[in-house]
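So this block is work-v8.cif, mmCIF, C-alpha atoms:
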```cif
data_protein
loop_
_atom_site.group_PDB
_atom_site.id
_atom_site.type_symbol
_atom_site.label_atom_id
_atom_site.label_comp_id
_atom_site.auth_asym_id
_atom_site.auth_seq_id
_atom_site.Cartn_x
_atom_site.Cartn_y
_atom_site.Cartn_z
ATOM 1 C CA GLN T 805 5.749 -21.757 -3.692
ATOM 2 C CA VAL T 806 2.484 -20.115 -2.696
ATOM 3 C CA GLN T 807 1.898 -20.730 0.967
ATOM 4 C CA LEU T 808 -0.216 -19.538 3.882
ATOM 5 C CA VAL T 809 1.037 -20.238 7.378
ATOM 6 C CA GLU T 810 -1.035 -19.785 10.514
ATOM 7 C CA SER T 811 0.507 -19.276 13.936
ATOM 8 C CA GLY T 812 -0.462 -18.126 17.402
ATOM 9 C CA GLY T 813 -2.657 -20.987 18.495
ATOM 10 C CA GLY T 814 -2.358 -22.677 21.854
ATOM 11 C CA LEU T 815 -4.046 -23.516 25.110
ATOM 12 C CA VAL T 816 -5.876 -20.715 26.904
ATOM 13 C CA GLN T 817 -8.305 -20.538 29.792
ATOM 14 C CA PRO T 818 -11.905 -19.448 29.282
ATOM 15 C CA GLY T 819 -12.074 -15.674 29.122
ATOM 16 C CA GLY T 820 -8.543 -15.433 27.811
ATOM 17 C CA SER T 821 -7.201 -14.066 24.549
ATOM 18 C CA LEU T 822 -5.107 -15.201 21.624
ATOM 19 C CA ARG T 823 -3.973 -13.525 18.440
ATOM 20 C CA LEU T 824 -3.663 -15.694 15.373
ATOM 21 C CA SER T 825 -1.485 -14.684 12.452
ATOM 22 C CA CYS T 826 -1.750 -15.705 8.823
ATOM 23 C CA ALA T 827 1.426 -15.032 6.869
ATOM 24 C CA ALA T 828 1.791 -15.417 3.141
ATOM 25 C CA SER T 829 4.783 -16.375 1.074
ATOM 26 C CA ALA T 830 5.251 -16.161 -2.685
ATOM 27 C CA PHE T 831 2.218 -13.922 -3.164
ATOM 28 C CA THR T 832 0.918 -10.547 -2.041
ATOM 29 C CA LEU T 833 -1.692 -11.080 0.620
ATOM 30 C CA GLY T 834 -3.048 -7.563 0.169
ATOM 31 C CA ALA T 835 -4.386 -8.480 -3.264
ATOM 32 C CA TYR T 836 -6.664 -11.141 -1.811
ATOM 33 C CA ALA T 837 -9.672 -11.303 0.427
ATOM 34 C CA ILE T 838 -8.895 -13.380 3.514
ATOM 35 C CA GLY T 839 -11.134 -15.615 5.517
ATOM 36 C CA TRP T 840 -10.631 -17.371 8.814
ATOM 37 C CA PHE T 841 -12.345 -20.706 9.279
ATOM 38 C CA ARG T 842 -12.388 -23.246 12.065
ATOM 39 C CA GLN T 843 -13.142 -26.901 12.499
ATOM 40 C CA ALA T 844 -14.030 -28.361 15.851
ATOM 41 C CA PRO T 845 -13.769 -32.104 16.505
ATOM 42 C CA GLY T 846 -16.653 -33.938 14.885
ATOM 43 C CA LYS T 847 -17.986 -30.813 13.209
ATOM 44 C CA GLU T 848 -17.801 -29.299 9.762
ATOM 45 C CA ARG T 849 -15.459 -26.444 9.034
ATOM 46 C CA GLU T 850 -17.203 -23.099 9.400
ATOM 47 C CA GLY T 851 -16.496 -19.477 8.551
ATOM 48 C CA VAL T 852 -15.360 -17.276 11.417
ATOM 49 C CA SER T 853 -14.382 -13.965 9.881
ATOM 50 C CA TYR T 854 -13.504 -12.235 6.622
ATOM 51 C CA ILE T 855 -11.645 -9.151 5.507
ATOM 52 C CA SER T 856 -11.804 -7.719 2.021
ATOM 53 C CA THR T 857 -8.945 -6.118 0.140
ATOM 54 C CA ILE T 858 -10.215 -2.696 1.197
ATOM 55 C CA GLY T 859 -10.646 -3.671 4.834
ATOM 56 C CA SER T 860 -14.360 -4.442 5.063
ATOM 57 C CA THR T 861 -14.931 -7.058 7.740
ATOM 58 C CA TYR T 862 -17.562 -9.675 8.494
ATOM 59 C CA TYR T 863 -18.013 -12.086 11.374
ATOM 60 C CA ALA T 864 -19.970 -15.154 12.265
ATOM 61 C CA ASP T 865 -22.649 -14.371 14.827
ATOM 62 C CA SER T 866 -20.949 -16.674 17.324
ATOM 63 C CA VAL T 867 -17.825 -14.484 17.461
ATOM 64 C CA LYS T 868 -19.196 -10.973 16.911
ATOM 65 C CA GLY T 869 -17.973 -8.575 19.555
ATOM 66 C CA ARG T 870 -15.216 -10.958 20.668
ATOM 67 C CA PHE T 871 -13.039 -11.475 17.572
ATOM 68 C CA THR T 872 -11.411 -8.829 15.402
ATOM 69 C CA ILE T 873 -9.841 -9.427 12.010
ATOM 70 C CA SER T 874 -7.239 -7.053 10.630
ATOM 71 C CA ARG T 875 -4.546 -6.959 8.007
ATOM 72 C CA ASP T 876 -1.074 -5.474 7.773
ATOM 73 C CA ASN T 877 -0.196 -5.436 4.095
ATOM 74 C CA ALA T 878 3.310 -4.184 4.807
ATOM 75 C CA LYS T 879 3.941 -7.390 6.767
ATOM 76 C CA ASN T 880 1.940 -9.531 4.330
ATOM 77 C CA THR T 881 -0.031 -10.800 7.308
ATOM 78 C CA VAL T 882 -3.635 -11.017 8.475
ATOM 79 C CA TYR T 883 -4.526 -11.289 12.152
ATOM 80 C CA LEU T 884 -7.415 -12.641 14.145
ATOM 81 C CA GLN T 885 -7.591 -11.194 17.649
ATOM 82 C CA MET T 886 -9.712 -13.462 19.805
ATOM 83 C CA ASN T 887 -10.924 -12.195 23.170
ATOM 84 C CA SER T 888 -13.294 -13.602 25.781
ATOM 85 C CA LEU T 889 -12.601 -17.086 24.511
ATOM 86 C CA LYS T 890 -15.048 -19.849 25.310
ATOM 87 C CA PRO T 891 -14.625 -23.630 25.361
ATOM 88 C CA GLU T 892 -16.793 -23.795 22.243
ATOM 89 C CA ASP T 893 -14.144 -21.806 20.375
ATOM 90 C CA THR T 894 -11.862 -24.833 20.579
ATOM 91 C CA ALA T 895 -10.985 -25.842 17.029
ATOM 92 C CA VAL T 896 -8.321 -25.889 14.386
ATOM 93 C CA TYR T 897 -8.270 -22.439 12.810
ATOM 94 C CA TYR T 898 -7.446 -21.975 9.141
ATOM 95 C CA CYS T 899 -6.843 -18.906 7.037
ATOM 96 C CA ALA T 900 -7.651 -18.861 3.357
ATOM 97 C CA ALA T 901 -7.171 -16.448 0.465
ATOM 98 C CA ALA T 902 -9.717 -15.684 -2.229
ATOM 99 C CA PHE T 903 -9.478 -13.678 -5.438
ATOM 100 C CA PRO T 904 -11.486 -10.520 -4.863
ATOM 101 C CA SER T 905 -14.837 -10.286 -6.634
ATOM 102 C CA PRO T 906 -17.709 -7.809 -6.354
ATOM 103 C CA ASN T 907 -20.098 -10.036 -4.418
ATOM 104 C CA LEU T 908 -17.617 -12.154 -2.489
ATOM 105 C CA TRP T 909 -18.667 -10.520 0.783
ATOM 106 C CA VAL T 910 -22.105 -12.113 0.411
ATOM 107 C CA LEU T 911 -20.541 -15.576 0.161
ATOM 108 C CA TRP T 912 -17.547 -14.979 2.415
ATOM 109 C CA ALA T 913 -18.168 -18.154 4.400
ATOM 110 C CA THR T 914 -18.341 -20.357 1.291
ATOM 111 C CA GLN T 915 -15.161 -22.383 1.342
ATOM 112 C CA SER T 916 -15.109 -23.075 -2.382
ATOM 113 C CA LYS T 917 -14.525 -19.360 -3.001
ATOM 114 C CA TYR T 918 -11.033 -19.589 -1.519
ATOM 115 C CA ARG T 919 -8.024 -20.451 -3.627
ATOM 116 C CA TYR T 920 -5.279 -20.956 -1.036
ATOM 117 C CA TRP T 921 -5.449 -22.524 2.407
ATOM 118 C CA GLY T 922 -3.094 -22.788 5.321
ATOM 119 C CA GLN T 923 -2.471 -25.937 7.330
ATOM 120 C CA GLY T 924 -4.222 -24.699 10.432
ATOM 121 C CA THR T 925 -3.349 -23.900 14.033
ATOM 122 C CA GLN T 926 -4.929 -25.513 17.076
ATOM 123 C CA VAL T 927 -6.790 -23.362 19.588
ATOM 124 C CA THR T 928 -7.877 -25.035 22.804
ATOM 125 C CA VAL T 929 -9.937 -23.186 25.387
ATOM 126 C CA SER T 930 -10.026 -25.100 28.625
ATOM 127 C CA SER T 931 -9.523 -24.642 32.347
#
```

Just give me the structure as structure tokens.
Amino acid sequence: QVQLVESGGGLVQPGGSLRLSCAASAFTLGAYAIGWFRQAPGKEREGVSYISTIGSTYYADSVKGRFTISRDNAKNTVYLQMNSLKPEDTAVYYCAAAFPSPNLWVLWATQSKYRYWGQGTQVTVSS
């Protein structure tokens, strides 16, 4: 069964760090572009970061310089390193996999481009 599973969420103080993992089962994550999205209470889900199959990365302006996306194809896992966390980063974080296409990077934050979704992991930034 094709599945994406996020882990690594939790409660952290402002300024702290977390590393989220997105692990795949029943398919090869390296063959897909991967996006991280988040949904805060009362808000729409939004794109956070994206990594292509060849390692090109993109970030939402709100997380540039603080978050880093990476992939380890040998472990079939994508990571989101989150540093200098702020209360406004509090949300449920989702990873999603998209079939690669030439212009996907332009529309990386478009949720309909993604074929598989994980169930999400909660990140809470609070003192």

message = Report as JSON, numbers by chain all protein, DNA and RNA residues lying within 12 Å of Pro906 (chain T), evaluated on all atoms listed in the file, omitting residues in the same chain fewer than 6 positions from it.
response = {"T": [837, 856, 857, 858, 912]}

inquiry  = I need the residue nearest Tyr862 (chain T) from this list: T:Leu808, T:Trp909, T:Ser829, T:Pro904. Use only C-alpha atoms for the distance.
reply    =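 Looking at the shortest contact to Tyr862 (chain T), the residue is T:Trp909.
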
message = Going by the chain IDs and residue numbers used in this file, which residues fall under the PyMOL selection byres ((chain T and resi 869) around 12)? Write them as a PyMOL selection string.
response = chain T and resi 853+862-868+870-873+885-889

With C-alpha atoms retained, could you export that selection as an mmCIF file, keeping the file's coordinate frame?
```
data_model
loop_
_atom_site.group_PDB
_atom_site.id
_atom_site.type_symbol
_atom_site.label_atom_id
_atom_site.label_comp_id
_atom_site.auth_asym_id
_atom_site.auth_seq_id
_atom_site.Cartn_x
_atom_site.Cartn_y
_atom_site.Cartn_z
ATOM 1 C CA SER T 853 -14.382 -13.965 9.881
ATOM 2 C CA TYR T 862 -17.562 -9.675 8.494
ATOM 3 C CA TYR T 863 -18.013 -12.086 11.374
ATOM 4 C CA ALA T 864 -19.970 -15.154 12.265
ATOM 5 C CA ASP T 865 -22.649 -14.371 14.827
ATOM 6 C CA SER T 866 -20.949 -16.674 17.324
ATOM 7 C CA VAL T 867 -17.825 -14.484 17.461
ATOM 8 C CA LYS T 868 -19.196 -10.973 16.911
ATOM 9 C CA ARG T 870 -15.216 -10.958 20.668
ATOM 10 C CA PHE T 871 -13.039 -11.475 17.572
ATOM 11 C CA THR T 872 -11.411 -8.829 15.402
ATOM 12 C CA ILE T 873 -9.841 -9.427 12.010
ATOM 13 C CA GLN T 885 -7.591 -11.194 17.649
ATOM 14 C CA MET T 886 -9.712 -13.462 19.805
ATOM 15 C CA ASN T 887 -10.924 -12.195 23.170
ATOM 16 C CA SER T 888 -13.294 -13.602 25.781
ATOM 17 C CA LEU T 889 -12.601 -17.086 24.511
#
```

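For the residues T:Gly813, T:Cys899, T:Ala844, T:Ala827, ranking by smallest atom-to-atom distance to Gln923 (chain T) using all atoms listed in the file places T:Cys899 first.
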
inquiry  = For Tyr897 (chain T), find every residue with an atom within 9 Å (counting only C-alpha atoms), except residues of its own chain fewer than 6 positions away, and show them as a list in words.
reply    =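 Within the cut-off, the hits are Glu810, Gly813, Leu824, Trp840, Phe841, Arg842, Gln843, Ala844, Val852, Gln923, Gly924, Thr925, Gln926 and Val927 of chain T.
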
Could you take the residues named above and write them with C-alpha atoms, as a tab-separated table (two decimals), in the coordinates of the input?
```tsv
chain	number	residue	atom	x	y	z
T	810	GLU	CA	-1.03	-19.78	10.51
T	813	GLY	CA	-2.66	-20.99	18.50
T	824	LEU	CA	-3.66	-15.69	15.37
T	840	TRP	CA	-10.63	-17.37	8.81
T	841	PHE	CA	-12.34	-20.71	9.28
T	842	ARG	CA	-12.39	-23.25	12.06
T	843	GLN	CA	-13.14	-26.90	12.50
T	844	ALA	CA	-14.03	-28.36	15.85
T	852	VAL	CA	-15.36	-17.28	11.42
T	923	GLN	CA	-2.47	-25.94	7.33
T	924	GLY	CA	-4.22	-24.70	10.43
T	925	THR	CA	-3.35	-23.90	14.03
T	926	GLN	CA	-4.93	-25.51	17.08
T	927	VAL	CA	-6.79	-23.36	19.59
```

query = Given the choices T:Gly819, T:Gly922, T:Gly812, T:Gly859, which gets closest to Ala900 (chain T) if the distance is worked out from only C-alpha atoms?
reply =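 Nearest candidate to Ala900 (chain T) out of T:Gly819, T:Gly922, T:Gly812, T:Gly859: T:Gly922.
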
ask   = Rounded to one decimal in Å, what is the spacing between CA of Asn907 (chain T) and CA of Arg849 (chain T)?
value = 21.7 Å

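CA of Val896 (chain T) is positioned 21.4 Å from CA of Leu911 (chain T).
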
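Of the residues under consideration (T:Ala895, T:Leu833, T:Val816, T:Val929), T:Leu833 shows the shortest atom-to-atom contact distance to Tyr883 (chain T) when counting all atoms listed in the file.
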
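From CA of Lys890 (chain T) back to CA of Val809 (chain T), the distance works out to 24.1 Å.
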
query = Closest to Ser905 (chain T) among T:Leu815, T:Ala835, T:Leu884, T:Ala878, using all atoms listed in the file?
reply =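 Of the candidates, the smallest distance to Ser905 (chain T) is held by T:Ala835.
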
Would you place a box with edges along x, y and z of the file around all atoms of region 842-853 of chain T listed there, add 5 Å to each of its six sides, and report the centre and edge lengths in Å to one decimal, as lines of an AutoDock Vina configuration file?
```
center_x = -15.2
center_y = -24.0
center_z = 12.5
size_x = 15.6
size_y = 30.0
size_z = 18.0
```

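If only C-alpha atoms are the atoms counted, then among T:Ile838, T:Arg875, T:Asn880, T:Lys847 the closest residue to Ala902 (chain T) is T:Ile838.
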
task = Pick out the residues sitting within 10 Å of Lys879 (chain T), and hand them over as a list of chain:residue names; count all atoms listed in the file, and ignore anything fewer than 2 positions along from it in its own chain.
result =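 With the cut-off at 10 Å, the set is T:Ala827, T:Ala828, T:Thr832, T:Leu833, T:Gly834, T:Arg875, T:Asp876, T:Asn877, T:Thr881, T:Val882.
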
Would you mind completing region 850-867 of chain T so that it carries N, CA and C atoms, and writing it out as a tab-separated table (two decimals), in the frame of the given file?
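File written: part_36.tsv
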```
chain	number	residue	atom	x	y	z
T	850	GLU	N	-16.27	-24.22	9.51
T	850	GLU	CA	-17.20	-23.10	9.40
T	850	GLU	C	-16.46	-21.78	9.30
T	851	GLY	N	-17.09	-20.80	8.67
T	851	GLY	CA	-16.50	-19.48	8.55
T	851	GLY	C	-16.55	-18.73	9.86
T	852	VAL	N	-15.47	-18.05	10.18
T	852	VAL	CA	-15.36	-17.28	11.42
T	852	VAL	C	-15.36	-15.78	11.12
T	853	SER	N	-14.52	-15.38	10.16
T	853	SER	CA	-14.38	-13.96	9.88
T	853	SER	C	-13.80	-13.78	8.50
T	854	TYR	N	-13.93	-12.54	7.98
T	854	TYR	CA	-13.50	-12.24	6.62
T	854	TYR	C	-13.09	-10.78	6.55
T	855	ILE	N	-12.05	-10.53	5.76
T	855	ILE	CA	-11.64	-9.15	5.51
T	855	ILE	C	-11.39	-9.00	4.02
T	856	SER	N	-11.97	-7.95	3.45
T	856	SER	CA	-11.80	-7.72	2.02
T	856	SER	C	-10.48	-7.02	1.76
T	857	THR	N	-10.19	-6.80	0.50
T	857	THR	CA	-8.94	-6.12	0.14
T	857	THR	C	-8.95	-4.66	0.58
T	858	ILE	N	-10.14	-4.09	0.77
T	858	ILE	CA	-10.22	-2.70	1.20
T	858	ILE	C	-10.53	-2.58	2.68
T	859	GLY	N	-10.52	-3.71	3.39
T	859	GLY	CA	-10.65	-3.67	4.83
T	859	GLY	C	-12.05	-3.85	5.39
T	860	SER	N	-13.02	-4.13	4.54
T	860	SER	CA	-14.36	-4.44	5.06
T	860	SER	C	-14.31	-5.78	5.80
T	861	THR	N	-15.00	-5.85	6.91
T	861	THR	CA	-14.93	-7.06	7.74
T	861	THR	C	-16.32	-7.64	8.01
T	862	TYR	N	-16.34	-8.96	8.17
T	862	TYR	CA	-17.56	-9.68	8.49
T	862	TYR	C	-17.22	-10.77	9.50
T	863	TYR	N	-18.22	-11.11	10.32
T	863	TYR	CA	-18.01	-12.09	11.37
T	863	TYR	C	-19.20	-13.03	11.48
T	864	ALA	N	-18.90	-14.24	11.89
T	864	ALA	CA	-19.97	-15.15	12.26
T	864	ALA	C	-20.64	-14.62	13.53
T	865	ASP	N	-21.92	-14.88	13.66
T	865	ASP	CA	-22.65	-14.37	14.83
T	865	ASP	C	-22.03	-14.87	16.13
T	866	SER	N	-21.48	-16.07	16.11
T	866	SER	CA	-20.95	-16.67	17.32
T	866	SER	C	-19.70	-15.97	17.86
T	867	VAL	N	-19.05	-15.14	17.02
T	867	VAL	CA	-17.82	-14.48	17.46
T	867	VAL	C	-17.92	-12.96	17.44
```
